[in-house]
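Student: My questions all concern the structure below.
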Amino acid sequence: MILDDIVRDRKKDYEKIMAKKPLEELKKEIEIPTNPKYRFYDLFKNKNFIYICECKHKSPSKGIIKENYNYLDIAKEYDKYGADVISCLTEPNYFLGDAKHLIDIKNNVSIPVLRKDFIFSEYQIYESKKIGADLILLICAILDFDTLKKYLDLAHKLGLSCLVETHNEDEIEMAIKAGAKVLGVNNRNLKDFSVDNNLAKELRKKYKDIILISESGVKDSSDIKGIKNAGLNGVLVGEALMKSSNIRKTLEEFKNAN
C-alpha cells in the first residue's frame, strides 16, 4: 500500500535527522508561547468557507504535476489572490517536498501555512514549530487514538493548529473524541490513491455540527460549488491550481463558485 511505503520511508528519514539532532536538543530551540494564537482556528470565527491552496510538485499517483515548480512564486500568488491558507508539502521522497520550502513560504506570505507531511512522531511536531508552520496535518490512518490525542495536545501547547485528516466514519469519531477542532475528509484513499469526490459530501450529511474540510478531487469550479452546497466549511485544493496556466483566474473562479 502506498501509505505504508511513504510512512516507512519517512521513518528512515527521521532516523538520520534525529541522529544529527536528538529531540532534547531540538526542544531547546523551541519557544513555547504563553498566550498562543491559533491563526487557523480563528479563520472560522469570521468565514463560512475557506480555501487551503497547495504547493505540490509531485504525487505518487500522478508523478510530476508542475514542471516549472517555483513554490515561492506560487505561494505569493495564493496570498495575493485570496487563499486563506497555504499548504506546503515537506515530504521529499514521494512528493519532492522540503522543509526549506515551508520556511521560505512562511517568510514571504501573510496567511497561515500548513505543513503537509506524514507525522508519526513528536519530533516532527516540534520541528514544525521551529520551521514556522502555523498548523500541521495529522492523519488518522497512521495514528491510533491515544497517539492522536497526545499529538493534538502537544501541538496546541506549542501554539500550532491542526487539520485532522479522516476518510470514514470511524476516523471521524476518533478525531472528535480526541478533541480535534477542524477535520478534513480526504476524498482520496491514501491506501490506493483512488478518488471518491462524493465522500466528504456524504459524510457531511451525518456530521453536521463539526468544522469539516473537503480534501482532494477538485477539478473545476463546479466541484467547488458542489462542496459549498453540501455545507462543508472549506476545501483543500492543489492539483487543479498547479495545472492552471493562470492561478489568479482559477482561484477567482473557485471563490466565485456558488
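Here's how to read the names in the C-alpha cells: chain A, B, ... by the order shown, residue numbers from 1 in each chain, ligand numbers from 1 in the order shown.
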Set the distance at 9 Å and use only C-alpha atoms: which residues neighbour Arg115 (chain A) once local chain neighbours fewer than 5 positions away are removed? I'd like the list as a PyMOL selection string.

Tutor: chain A and resi 86-90+99+102+128+133-137

Student: Could you pull the residues within 6 Å of Val185 (chain A), counting only C-alpha atoms, minus those fewer than 3 positions along the same chain, as an NGL selection string?

Tutor: :A and (165-167 or 200 or 214-215)

Student: Applying 10 Å and only C-alpha atoms, which residues near Ser110 (chain A) remain after dropping the ones on its own chain fewer than 4 positions away? List them as a PyMOL selection string.

Tutor: chain A and resi 76+79-80+84-86+105-106

Student: Tell me which protein, DNA and RNA residues are within 9 Å of Met242 (chain A), counting only C-alpha atoms, leaving out same-chain ones fewer than 4 positions away, and put them as a PyMOL selection string.

Tutor: chain A and resi 54-57+65-66+69+74+238+247

Student: How about saving the chosen residues, C-alpha atoms kept, as a PDB file, in the first residue's frame?

Tutor:
```
ATOM      1  CA  GLU A  54      -1.458  23.723  -2.007  1.00  0.00           C
ATOM      2  CA  CYS A  55       2.086  23.975  -3.307  1.00  0.00           C
ATOM      3  CA  LYS A  56       2.673  20.500  -4.717  1.00  0.00           C
ATOM      4  CA  HIS A  57       5.379  19.418  -7.131  1.00  0.00           C
ATOM      5  CA  ILE A  65       2.317  17.761 -11.521  1.00  0.00           C
ATOM      6  CA  LYS A  66       4.050  21.026 -12.369  1.00  0.00           C
ATOM      7  CA  TYR A  69       7.746  24.440  -9.966  1.00  0.00           C
ATOM      8  CA  ILE A  74       3.036  30.109  -6.407  1.00  0.00           C
ATOM      9  CA  GLY A 238      -3.698  21.586  -5.116  1.00  0.00           C
ATOM     10  CA  ILE A 247      -3.628  30.800 -10.859  1.00  0.00           C
TER      11      ILE A 247
END
```

Student: List every residue of region 151-229 of chain A that DSSP, applied to the backbone of this structure, assigns to helix (DSSP H, G or I), and report them as a ChimeraX atom specification.

Tutor: /A:151-157,169-178,199-206,221-229

Student: Return as a PyMOL selection string the full set of residues in region 55-243 of chain A whose backbone-based DSSP assignment is strand (DSSP E).

Tutor: chain A and resi 55+58-59+63-64+85-89+113-116+135-139+161-166+182-186+211-215+234-237
